[in-house]
>>> print(open('query08.cif').read())   # mmCIF, C-alpha atoms
data_protein
loop_
_atom_site.group_PDB
_atom_site.id
_atom_site.type_symbol
_atom_site.label_atom_id
_atom_site.label_comp_id
_atom_site.auth_asym_id
_atom_site.auth_seq_id
_atom_site.Cartn_x
_atom_site.Cartn_y
_atom_site.Cartn_z
ATOM 1 C CA PRO A 1246 0.000 0.000 0.000
ATOM 2 C CA LEU A 1247 0.960 3.592 -0.678
ATOM 3 C CA ARG A 1248 -0.324 5.879 2.046
ATOM 4 C CA GLY A 1249 -1.618 9.414 1.623
ATOM 5 C CA HIS A 1250 -4.520 11.729 2.330
ATOM 6 C CA SER A 1251 -7.199 13.532 0.388
ATOM 7 C CA PHE A 1252 -8.188 17.174 0.753
ATOM 8 C CA HIS A 1253 -9.980 19.343 -1.808
ATOM 9 C CA TYR A 1254 -12.790 21.817 -2.374
ATOM 10 C CA SER A 1255 -13.402 21.187 -6.062
ATOM 11 C CA THR A 1256 -14.690 18.473 -8.363
ATOM 12 C CA LEU A 1257 -13.308 16.915 -11.533
ATOM 13 C CA ASP A 1258 -15.195 16.124 -14.724
ATOM 14 C CA THR A 1259 -13.202 14.010 -17.194
ATOM 15 C CA PRO A 1260 -13.902 11.395 -19.858
ATOM 16 C CA LEU A 1261 -10.867 9.420 -18.620
ATOM 17 C CA LEU A 1262 -11.459 6.175 -16.758
ATOM 18 C CA PRO A 1263 -9.589 5.796 -13.452
ATOM 19 C CA GLN A 1264 -6.481 3.588 -13.562
ATOM 20 C CA ALA A 1265 -6.962 2.816 -9.864
ATOM 21 C CA ARG A 1266 -9.023 3.944 -6.924
ATOM 22 C CA ALA A 1267 -7.662 4.686 -3.460
ATOM 23 C CA THR A 1268 -9.412 3.253 -0.424
ATOM 24 C CA ASN A 1269 -9.681 4.502 3.130
ATOM 25 C CA PRO A 1270 -8.117 2.065 5.639
ATOM 26 C CA ASN A 1271 -10.350 3.545 8.370
ATOM 27 C CA GLY A 1272 -13.502 2.559 6.507
ATOM 28 C CA GLY A 1273 -14.387 6.118 5.452
ATOM 29 C CA GLY A 1274 -16.175 6.964 2.230
ATOM 30 C CA THR A 1275 -13.162 8.410 0.412
ATOM 31 C CA ALA A 1276 -12.335 6.499 -2.767
ATOM 32 C CA GLU A 1277 -10.235 8.932 -4.792
ATOM 33 C CA ALA A 1278 -9.669 8.055 -8.431
ATOM 34 C CA LEU A 1279 -6.183 8.015 -9.949
ATOM 35 C CA TYR A 1280 -5.987 8.978 -13.630
ATOM 36 C CA GLN A 1281 -3.271 8.541 -16.219
ATOM 37 C CA HIS A 1282 -2.962 10.123 -19.659
ATOM 38 C CA GLY A 1283 0.418 9.453 -21.247
ATOM 39 C CA ALA A 1284 3.060 10.444 -18.701
ATOM 40 C CA LEU A 1285 0.586 12.556 -16.695
ATOM 41 C CA ARG A 1286 -0.778 11.070 -13.479
ATOM 42 C CA ALA A 1287 -3.453 12.978 -11.577
ATOM 43 C CA SER A 1288 -5.490 12.545 -8.423
ATOM 44 C CA TYR A 1289 -6.772 14.439 -5.413
ATOM 45 C CA LEU A 1290 -4.811 11.927 -3.343
ATOM 46 C CA HIS A 1291 -1.682 13.415 -1.781
ATOM 47 C CA HIS A 1292 0.750 10.507 -1.606
ATOM 48 C CA TYR A 1293 3.197 10.004 1.246
ATOM 49 C CA PHE A 1294 6.052 8.577 -0.844
ATOM 50 C CA PRO A 1295 8.213 7.276 2.074
ATOM 51 C CA SER A 1296 5.373 4.888 2.995
ATOM 52 C CA ASN A 1297 6.303 2.568 0.114
ATOM 53 C CA PRO A 1298 9.275 3.538 -2.113
ATOM 54 C CA GLU A 1299 8.851 0.435 -4.310
ATOM 55 C CA ALA A 1300 5.227 1.342 -5.076
ATOM 56 C CA VAL A 1301 6.304 4.898 -5.935
ATOM 57 C CA ALA A 1302 8.985 3.578 -8.311
ATOM 58 C CA GLY A 1303 6.366 1.394 -10.007
ATOM 59 C CA PHE A 1304 3.853 4.245 -10.117
ATOM 60 C CA PHE A 1305 6.355 6.416 -11.989
ATOM 61 C CA GLY A 1306 7.507 3.588 -14.262
ATOM 62 C CA ARG A 1307 10.887 2.844 -12.650
ATOM 63 C CA HIS A 1308 11.589 -0.660 -11.459
ATOM 64 C CA GLY A 1309 14.734 -1.102 -9.380
ATOM 65 C CA ASN A 1310 17.575 1.414 -8.953
#
>>> encode(input="query08.cif", output="structure tokens")
Amino acid sequence: PLRGHSFHYSTLDTPLLPQARATNPNGGGTAEALYQHGALRASYLHHYFPSNPEAVAGFFGRHGN
């Protein structure tokens, strides 16, 4: 898992389908979508990268050092 938090006051309208959806480990209703279009990755989720460096490397397309 890659930890993070969500905080926003706006909404998003896009024809893109989510590549993944974040879940709330506390059982809350947040299920933020993660979108990708080419090299662009977008979400309202604010990732905490030190929580899982391997997942971050995979998320940005780098595997290994």
>>> resolve_selection(input="query08.cif", expression="the PyMOL selection byres ((chain A and resi 1269-1286) around 10)", output="list in words")
Arg1248, Gly1249, His1250, Ser1251, Thr1259, Leu1261, Leu1262, Pro1263, Gln1264, Ala1265, Arg1266, Ala1267, Thr1268, Ala1287, Ser1288, Tyr1289, Leu1290, Phe1304, Phe1305 and Gly1306 of chain A
>>> atom_distance(input="query08.cif", atom1="CA of Ser1296 (chain A)", atom2="CA of His1253 (chain A)")
21.6 Å
>>> atom_distance(input="query08.cif", atom1="CA of Pro1298 (chain A)", atom2="CA of Phe1252 (chain A)")
22.3 Å
>>> resolve_selection(input="query08.cif", expression="the PyMOL selection byres ((chain A and resi 1247) around 8)", output="ChimeraX atom specification")
/A:1246,1248-1249,1292-1294,1296-1297,1300-1301
>>> decode(input="query08.cif", residues="region 1281-1299 of chain A", atoms="N, CA, C and O atoms", output="PDB file, in the first residue's frame")
ATOM      1  N   GLN A1281      -4.517   8.468 -15.463  1.00  0.00           N
ATOM      2  CA  GLN A1281      -3.271   8.541 -16.219  1.00  0.00           C
ATOM      3  C   GLN A1281      -3.612   8.849 -17.663  1.00  0.00           C
ATOM      4  O   GLN A1281      -4.538   8.278 -18.245  1.00  0.00           O
ATOM      5  N   HIS A1282      -2.848   9.780 -18.233  1.00  0.00           N
ATOM      6  CA  HIS A1282      -2.962  10.123 -19.659  1.00  0.00           C
ATOM      7  C   HIS A1282      -1.547  10.350 -20.144  1.00  0.00           C
ATOM      8  O   HIS A1282      -0.934  11.369 -19.830  1.00  0.00           O
ATOM      9  N   GLY A1283      -0.993   9.382 -20.864  1.00  0.00           N
ATOM     10  CA  GLY A1283       0.418   9.453 -21.247  1.00  0.00           C
ATOM     11  C   GLY A1283       1.272   9.430 -19.986  1.00  0.00           C
ATOM     12  O   GLY A1283       1.080   8.591 -19.118  1.00  0.00           O
ATOM     13  N   ALA A1284       2.186  10.373 -19.867  1.00  0.00           N
ATOM     14  CA  ALA A1284       3.060  10.444 -18.701  1.00  0.00           C
ATOM     15  C   ALA A1284       2.425  11.194 -17.530  1.00  0.00           C
ATOM     16  O   ALA A1284       2.974  11.208 -16.438  1.00  0.00           O
ATOM     17  N   LEU A1285       1.256  11.803 -17.752  1.00  0.00           N
ATOM     18  CA  LEU A1285       0.586  12.556 -16.695  1.00  0.00           C
ATOM     19  C   LEU A1285      -0.194  11.625 -15.786  1.00  0.00           C
ATOM     20  O   LEU A1285      -0.952  10.773 -16.250  1.00  0.00           O
ATOM     21  N   ARG A1286      -0.008  11.794 -14.484  1.00  0.00           N
ATOM     22  CA  ARG A1286      -0.778  11.070 -13.479  1.00  0.00           C
ATOM     23  C   ARG A1286      -1.437  12.108 -12.585  1.00  0.00           C
ATOM     24  O   ARG A1286      -0.774  13.037 -12.130  1.00  0.00           O
ATOM     25  N   ALA A1287      -2.732  11.959 -12.330  1.00  0.00           N
ATOM     26  CA  ALA A1287      -3.453  12.978 -11.577  1.00  0.00           C
ATOM     27  C   ALA A1287      -4.436  12.350 -10.594  1.00  0.00           C
ATOM     28  O   ALA A1287      -5.060  11.337 -10.893  1.00  0.00           O
ATOM     29  N   SER A1288      -4.547  12.979  -9.442  1.00  0.00           N
ATOM     30  CA  SER A1288      -5.490  12.545  -8.423  1.00  0.00           C
ATOM     31  C   SER A1288      -5.595  13.626  -7.358  1.00  0.00           C
ATOM     32  O   SER A1288      -4.712  14.475  -7.233  1.00  0.00           O
ATOM     33  N   TYR A1289      -6.666  13.583  -6.589  1.00  0.00           N
ATOM     34  CA  TYR A1289      -6.772  14.439  -5.413  1.00  0.00           C
ATOM     35  C   TYR A1289      -6.027  13.807  -4.239  1.00  0.00           C
ATOM     36  O   TYR A1289      -5.906  14.405  -3.188  1.00  0.00           O
ATOM     37  N   LEU A1290      -5.559  12.609  -4.396  1.00  0.00           N
ATOM     38  CA  LEU A1290      -4.811  11.927  -3.343  1.00  0.00           C
ATOM     39  C   LEU A1290      -3.421  12.525  -3.230  1.00  0.00           C
ATOM     40  O   LEU A1290      -2.715  12.671  -4.224  1.00  0.00           O
ATOM     41  N   HIS A1291      -3.039  12.907  -2.045  1.00  0.00           N
ATOM     42  CA  HIS A1291      -1.682  13.415  -1.781  1.00  0.00           C
ATOM     43  C   HIS A1291      -0.884  12.258  -1.206  1.00  0.00           C
ATOM     44  O   HIS A1291      -1.087  11.874  -0.055  1.00  0.00           O
ATOM     45  N   HIS A1292      -0.014  11.682  -2.022  1.00  0.00           N
ATOM     46  CA  HIS A1292       0.750  10.507  -1.606  1.00  0.00           C
ATOM     47  C   HIS A1292       1.817  10.854  -0.577  1.00  0.00           C
ATOM     48  O   HIS A1292       2.415  11.926  -0.627  1.00  0.00           O
ATOM     49  N   TYR A1293       2.074   9.916   0.322  1.00  0.00           N
ATOM     50  CA  TYR A1293       3.197  10.004   1.246  1.00  0.00           C
ATOM     51  C   TYR A1293       4.231   8.996   0.746  1.00  0.00           C
ATOM     52  O   TYR A1293       4.191   7.814   1.079  1.00  0.00           O
ATOM     53  N   PHE A1294       5.126   9.461  -0.140  1.00  0.00           N
ATOM     54  CA  PHE A1294       6.052   8.577  -0.844  1.00  0.00           C
ATOM     55  C   PHE A1294       6.908   7.693   0.060  1.00  0.00           C
ATOM     56  O   PHE A1294       7.155   6.528  -0.280  1.00  0.00           O
ATOM     57  N   PRO A1295       7.399   8.162   1.229  1.00  0.00           N
ATOM     58  CA  PRO A1295       8.213   7.276   2.074  1.00  0.00           C
ATOM     59  C   PRO A1295       7.447   6.055   2.603  1.00  0.00           C
ATOM     60  O   PRO A1295       8.074   5.117   3.092  1.00  0.00           O
ATOM     61  N   SER A1296       6.130   6.030   2.486  1.00  0.00           N
ATOM     62  CA  SER A1296       5.373   4.888   2.995  1.00  0.00           C
ATOM     63  C   SER A1296       5.621   3.618   2.190  1.00  0.00           C
ATOM     64  O   SER A1296       5.457   2.521   2.708  1.00  0.00           O
ATOM     65  N   ASN A1297       6.029   3.745   0.935  1.00  0.00           N
ATOM     66  CA  ASN A1297       6.303   2.568   0.114  1.00  0.00           C
ATOM     67  C   ASN A1297       7.110   2.977  -1.125  1.00  0.00           C
ATOM     68  O   ASN A1297       6.545   3.167  -2.207  1.00  0.00           O
ATOM     69  N   PRO A1298       8.444   3.109  -0.981  1.00  0.00           N
ATOM     70  CA  PRO A1298       9.275   3.538  -2.113  1.00  0.00           C
ATOM     71  C   PRO A1298       9.153   2.641  -3.341  1.00  0.00           C
ATOM     72  O   PRO A1298       9.205   3.128  -4.466  1.00  0.00           O
ATOM     73  N   GLU A1299       8.980   1.335  -3.158  1.00  0.00           N
ATOM     74  CA  GLU A1299       8.851   0.435  -4.310  1.00  0.00           C
ATOM     75  C   GLU A1299       7.574   0.733  -5.096  1.00  0.00           C
ATOM     76  O   GLU A1299       7.572   0.711  -6.322  1.00  0.00           O
TER      77      GLU A1299
END
